[in-house]
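Right, one structure below, let's go through it.
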Amino acid sequence: MNYLKAREKIARRVAREFEDGDLVNLGIGLPTMVADYIEDDVEIILHSENGFVGLGPAPVEGEEDKDITNAGGQPVTIKKGGAFFDSVSSFMIIRGGHLDATVLGALQVDQEGNLANWMIPGKMVPGMGGAMDLTVGARRVIVATQHVTKKGQAKILKKCNLPLTARKEVDLIVTELAVMEFTEKGLVLKEIAKGVDVEEVIKKTEAELIISEDLKEF
Amino acid sequence: MGKVINPEEVKDYLADEQTIMVGGFMECGAPLKLIDILLAEGIKDLTLIANDTGFTDGKFGSLIVEKRARKVIASHIGLNKETGLQMNKGELEVELVPQGTLAERIRSYGAGLGGFYTPTGVGTVVEKGKNKKEINGKEYLLELPLGADIALIKAWQVDQAGNIIYSKSARNFNQVMAAAADIVIVEAEEIVPTGELDPNQIMTPGIFVDYIVDFS
């Protein structure tokens with residue numbers, strides 16, 4: 001599967017996780033694409049950590065409002081019924097458990113539910129932004145990531161070796177190959193992509209997987 | 001006593017080695033004309049507190065590019081490559097703070113609190129050196145208040161008494177910073193006579209504001 005197809009497949013699958021009325025924060029990059037694939041009969045409310053709910057799509061060219069941007073500083077819109085607030089209120093929503101879910105990318109995620117997505121020592125230190133608050137605060141943490149790195153190395157590990165974003169907070173991992181859920185017993189492989197077999201998923205995953213007795217295709 | 005001053009007068013309050021809080025989020029809602037004064041006056045050795053260090057080619061970003069800061073306290077520095085370069089060379093001290101923790105530390109200072117316990121950062125490098133406490137079976141970190149000598153605030157409308165209304169997502173850190181510095185200086189898109197703004201719509205009461213700079 002090529003890069004673009006893989007990203008689309010992940011975004012499409014994550015989009016099916018939400019119920020009508022859910023309040024959701026989408027991280028920058030691949031998670032942002034999820035908004036394009038929400039079913040017509042489901043309406044979710046998007047939270048933008050810089051200070052509003054009701055985040056809408058990018059404006060048409062020429063209609064940008066300098067005072068409405070997303071958390072990446074890009075021009076966006078606000079939907080009817082949306083509301084602006086300050087950074088303190090924005091993180092009350094996040095930390096206070098008012099957010100149904102957050103979708104975040106990953107550098108690494110491990111079988112304990114630990115997530116690393118904010119720095120590579122010596123190479124990339126962008127800062128954690130709102131990611132640490134989102135992972136501890138959102139009721140569900142969904143990791144949307146390609147299954148392996150560009151060099152083919154496993155990203156779903158026994159133990160993360162990069163600095164963590166949060167400890168034991170991840171609930172679900174969605175990749176172009178598989179959907180995996182954290183349970184009390186461990187990380188359960190629930191779904192595999194059409195045309196992919198379980199052996200391939202196991203080979204490309206360092207973490208120990210429990211294969212669901214009710215394994216589905218997506 | 002009038003709060004409205006001109007761009008010449010504001011220079012009297014700005015100096016090297018100050019700790020300055022600057023509102024804005026990726027430069028949306030940043031007080032760009034006040035930053036221009038910092039740049040033009042050559043003010044240096046600053047400790048800057050802001051959500052992020054902006055863009056390499058942006059206004060706030062220029063404070064970093066021109067090496068005006070000795071220390072930065074921010075949640076994100078990734079869109080200004082210069083910040084990371086200076087940090088790796090040891091020229092700039094960078095304290096990375098989770099965004100919600102940054103906002104709440106500033107709020108604590110303005111609200112006269114000694115800090116707060118947050119679950120954010122537990123089990124990560126953020127917890128290093130911090131007091132941990134278990135509350136109702138869950139682990140929390142003690143985070144301390146954060147204040148500044150000066151806060152530079154961007155308003156949409158301000159009246160001559162300093163009452164502020166912010167615009168849309170340009171509110172971000174401006175509102176909380178307006179209560180957390182010894183001297184609070186406001187740049188606005190519009191300055192109106194006292195009494196023209198609806199008291200019911202005010203987001204920052206004028207009692208927090210020391211000066212309003214009239215750039216017209």
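Following the order of the structure tokens, chains are lettered A, B, ..., residues in each are numbered from 1, and ligands are numbered from 1.
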
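In plain terms, chain B touches chain A through Met26, Ser75, His76, Ile77, Gly78, Pro98, Gln99, Gly100, Ala103, Thr120, Gly123, Thr124, Lys168, Ser169, Ala170, Arg171, Asn172 and Phe173 of chain B, where touching means an atom at most 6 Å away, counting only C-alpha atoms.
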
- Query: What are the DSSP strand (DSSP E) residues of chain B, as a ChimeraX atom specification?
  - Reply: /B:4-5,19-22,46-49,69-74,93-96,116-118,132-135,138-143,148-159,164-165,181-192,211-213

Near Gly56 in chain A, counting only C-alpha atoms, which residues have an atom at most 7 Å away, once you skip same-chain residues fewer than 4 positions from it, shown as a PDB file with N, CA, C and O atoms, in the first residue's frame?
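In the end it all went to part_5.pdb:
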ATOM      1  N   VAL A  76      -8.454  28.440   9.544  1.00  0.00           N
ATOM      2  CA  VAL A  76      -9.582  27.497   9.551  1.00  0.00           C
ATOM      3  C   VAL A  76     -10.868  28.296   9.721  1.00  0.00           C
ATOM      4  O   VAL A  76     -10.850  29.532   9.659  1.00  0.00           O
ATOM      5  N   THR A  77     -11.984  27.591   9.925  1.00  0.00           N
ATOM      6  CA  THR A  77     -13.265  28.268  10.136  1.00  0.00           C
ATOM      7  C   THR A  77     -13.892  27.745  11.430  1.00  0.00           C
ATOM      8  O   THR A  77     -13.428  26.755  11.992  1.00  0.00           O
ATOM      9  N   ILE A  78     -14.944  28.435  11.873  1.00  0.00           N
ATOM     10  CA  ILE A  78     -15.712  27.937  13.030  1.00  0.00           C
ATOM     11  C   ILE A  78     -17.134  27.676  12.555  1.00  0.00           C
ATOM     12  O   ILE A  78     -17.705  28.454  11.785  1.00  0.00           O
ATOM     13  N   LYS A  79     -17.692  26.528  12.989  1.00  0.00           N
ATOM     14  CA  LYS A  79     -19.035  26.147  12.556  1.00  0.00           C
ATOM     15  C   LYS A  79     -20.098  26.856  13.391  1.00  0.00           C
ATOM     16  O   LYS A  79     -19.816  27.339  14.498  1.00  0.00           O
TER      17      LYS A  79
END

- Message: Report as a PyMOL selection string all protein, DNA and RNA residues lying within 7 Å of range 50-62 of chain B, evaluated on only C-alpha atoms, omitting residues in the same chain fewer than 5 positions from it.
- Response: chain B and resi 21-23+25-27+32+35+73-77+79-82+99

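Here CA of Phe116 in chain B and CA of Ala181 in chain B stand 18.9 Å from one another.
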
- Query: Can you list, as a VMD selection string, every residue of range 2-212 of chain B that DSSP puts in alpha helix (DSSP H)?
  - Reply: chain B and resid 7 to 10 32 to 41 59 to 65 81 to 88 99 to 110 174 to 177

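If you measure from each of A:Gly113, A:Leu4, A:Ala101, A:Met33 to Glu19 in chain A using only C-alpha atoms, the closest one turns out to be A:Ala101.
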
- Task: Within 8 Å of Ala69 in chain B, counting only C-alpha atoms, which residues show up once you throw out same-chain ones fewer than 6 positions away? Write them as JSON, numbers by chain, please.
- Result: {"B": [44, 45, 46, 47, 48, 63, 92]}

Saved selection, atoms kept: N, CA and C atoms, as a PDB file, in the first residue's frame:
ATOM      1  N   LYS B  44      17.598  43.165  24.899  1.00  0.00           N
ATOM      2  CA  LYS B  44      18.180  41.813  24.834  1.00  0.00           C
ATOM      3  C   LYS B  44      18.259  41.144  26.215  1.00  0.00           C
ATOM      4  N   ASP B  45      18.806  39.924  26.202  1.00  0.00           N
ATOM      5  CA  ASP B  45      18.950  39.109  27.414  1.00  0.00           C
ATOM      6  C   ASP B  45      17.612  38.889  28.123  1.00  0.00           C
ATOM      7  N   LEU B  46      16.576  38.739  27.326  1.00  0.00           N
ATOM      8  CA  LEU B  46      15.236  38.589  27.878  1.00  0.00           C
ATOM      9  C   LEU B  46      14.956  37.146  28.286  1.00  0.00           C
ATOM     10  N   THR B  47      14.048  36.984  29.239  1.00  0.00           N
ATOM     11  CA  THR B  47      13.407  35.695  29.460  1.00  0.00           C
ATOM     12  C   THR B  47      12.018  35.833  28.868  1.00  0.00           C
ATOM     13  N   LEU B  48      11.734  35.048  27.839  1.00  0.00           N
ATOM     14  CA  LEU B  48      10.443  35.151  27.156  1.00  0.00           C
ATOM     15  C   LEU B  48       9.535  34.003  27.568  1.00  0.00           C
ATOM     16  N   LEU B  63      12.623  37.660  17.397  1.00  0.00           N
ATOM     17  CA  LEU B  63      13.264  37.884  18.703  1.00  0.00           C
ATOM     18  C   LEU B  63      14.269  36.764  18.981  1.00  0.00           C
ATOM     19  N   LEU B  92      20.922  29.251  24.109  1.00  0.00           N
ATOM     20  CA  LEU B  92      19.596  29.631  24.600  1.00  0.00           C
ATOM     21  C   LEU B  92      19.075  28.542  25.521  1.00  0.00           C
TER      22      LEU B  92
END

Test item: residues at most 10 Å from range 205-210 of chain B, only C-alpha atoms, excluding those fewer than 6 positions along its chain, as a compact mmCIF listing (two decimals) with N, CA and C atoms, in the first residue's frame:
# COMPACT_ATOMS: atom_id res chain seq x y z
N GLY B 2 -4.39 58.77 33.04
CA GLY B 2 -4.62 58.13 31.75
C GLY B 2 -3.73 56.92 31.53
N LYS B 3 -4.29 55.88 30.93
CA LYS B 3 -3.50 54.68 30.62
C LYS B 3 -2.98 54.69 29.21
N VAL B 4 -3.54 55.58 28.37
CA VAL B 4 -3.14 55.56 26.96
C VAL B 4 -1.83 56.32 26.79
N GLY B 110 -1.31 34.78 38.62
CA GLY B 110 -2.28 35.88 38.59
C GLY B 110 -3.37 35.74 39.63
N ALA B 151 3.81 42.01 30.77
CA ALA B 151 3.00 41.20 29.85
C ALA B 151 2.62 42.08 28.66
N ILE B 153 0.13 42.30 25.64
CA ILE B 153 -1.19 41.72 25.37
C ILE B 153 -1.76 42.31 24.09
N VAL B 158 -10.24 47.86 23.08
CA VAL B 158 -9.97 48.22 24.47
C VAL B 158 -10.52 49.63 24.68
N ASP B 159 -11.09 49.88 25.86
CA ASP B 159 -11.49 51.26 26.13
C ASP B 159 -10.38 51.95 26.93
N GLN B 160 -10.52 53.26 27.13
CA GLN B 160 -9.43 54.01 27.75
C GLN B 160 -9.21 53.62 29.21
N ALA B 161 -10.16 52.88 29.79
CA ALA B 161 -9.97 52.37 31.15
C ALA B 161 -9.27 51.02 31.15
N GLY B 162 -9.02 50.48 29.95
CA GLY B 162 -8.28 49.22 29.86
C GLY B 162 -9.14 47.97 29.76
N ASN B 163 -10.45 48.14 29.70
CA ASN B 163 -11.34 46.98 29.53
C ASN B 163 -11.15 46.38 28.14
N ILE B 164 -10.97 45.05 28.10
CA ILE B 164 -10.59 44.41 26.83
C ILE B 164 -11.64 43.41 26.34
N ILE B 165 -11.83 43.44 25.01
CA ILE B 165 -12.53 42.35 24.31
C ILE B 165 -11.53 41.79 23.30
N GLN B 175 -5.58 36.50 27.63
CA GLN B 175 -6.46 36.76 28.78
C GLN B 175 -5.79 36.39 30.11
N MET B 177 -2.53 35.96 30.68
CA MET B 177 -1.29 36.72 30.91
C MET B 177 -1.57 38.13 31.44
N ALA B 178 -2.73 38.67 31.09
CA ALA B 178 -3.07 40.04 31.50
C ALA B 178 -3.21 40.17 33.02
N ALA B 179 -3.22 39.04 33.73
CA ALA B 179 -3.32 39.11 35.19
C ALA B 179 -2.02 38.69 35.88
N ALA B 180 -0.97 38.40 35.10
CA ALA B 180 0.18 37.71 35.69
C ALA B 180 1.51 38.46 35.57
N ALA B 181 1.47 39.79 35.39
CA ALA B 181 2.73 40.53 35.29
C ALA B 181 2.64 41.83 36.10
N ASP B 182 3.82 42.35 36.49
CA ASP B 182 3.86 43.60 37.25
C ASP B 182 3.31 44.76 36.41
N ILE B 183 3.71 44.77 35.13
CA ILE B 183 3.23 45.83 34.24
C ILE B 183 2.58 45.19 33.02
N VAL B 184 1.33 45.54 32.78
CA VAL B 184 0.57 44.95 31.67
C VAL B 184 0.35 46.02 30.60
N ILE B 185 0.88 45.74 29.41
CA ILE B 185 0.84 46.70 28.31
C ILE B 185 0.01 46.13 27.17
N VAL B 186 -0.93 46.92 26.69
CA VAL B 186 -1.88 46.43 25.69
C VAL B 186 -1.71 47.13 24.35
N PRO B 199 -20.24 46.45 29.32
CA PRO B 199 -19.58 45.79 30.46
C PRO B 199 -19.85 44.28 30.52

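Minimum distance to Ile37 in chain B across B:Pro193, B:Gly121, B:Gly24, B:Pro7 (counting only C-alpha atoms) occurs at B:Pro7.
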
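Counting only C-alpha atoms and comparing B:Leu152, B:Leu142, B:Met87, B:Leu113, the residue that lies closest to Leu38 in chain B is B:Leu152.
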